[in-house]
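Beneath this line is the structure, given in structure tokens, with notes to follow.
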Amino acid sequence: METASSDMKNFYRQRKSNRGGITKSSSKSTSKSKKKLPKHAIGSDITQPMTLISHGAPDLQDDYDKHEEVLRQFDMNMAYGPCLGMTRLARWERAQRLGLNPPEEIECLLKGGKVNSDCLWDGRV
């Protein structure tokens, strides 16, 4: 059995080559000195990639008021059931029928008509 085993080891033996690959640098001075990273590099203080910043401010924040923020929190609260495929008002009414006690403030905002009636995820998923 040893001969079969040794034949197998020789057959699948790994061979190292010196062609290409990663090599260690010979100068020790480059390892001691720190290279300055560009602003968009990983590990820098900036969290947003340069493509997401226009006019000096991140583009990720949409323009919406405090009422829209309250409605978005309502959309993300799963205590009132799923929100996909229905308007915010229909979701509020369903939660009311099921006895989930949704906030009255949401109903006032939705019936006021000055806010978007579609849920946060509408058209995104």
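Ordering of the structure tokens sets the chain letters (A, B, ...); residue numbers start at 1 within each chain; ligands are numbered from 1 in the order shown.
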Just the residues within 10 Å of Leu109 of chain A, please, counting only C-alpha atoms, with nothing from its chain fewer than 4 positions along; format it as JSON, numbers by chain. {"A": [67, 68, 70, 71, 89, 104, 105, 113, 114, 115, 116, 117]}
Do you know which residues are at most 9 Å from Gly81 of chain A counting only C-alpha atoms, after dropping those on the same chain fewer than 5 positions away, and could you put them as number ranges by chain? A: 91, 94-95
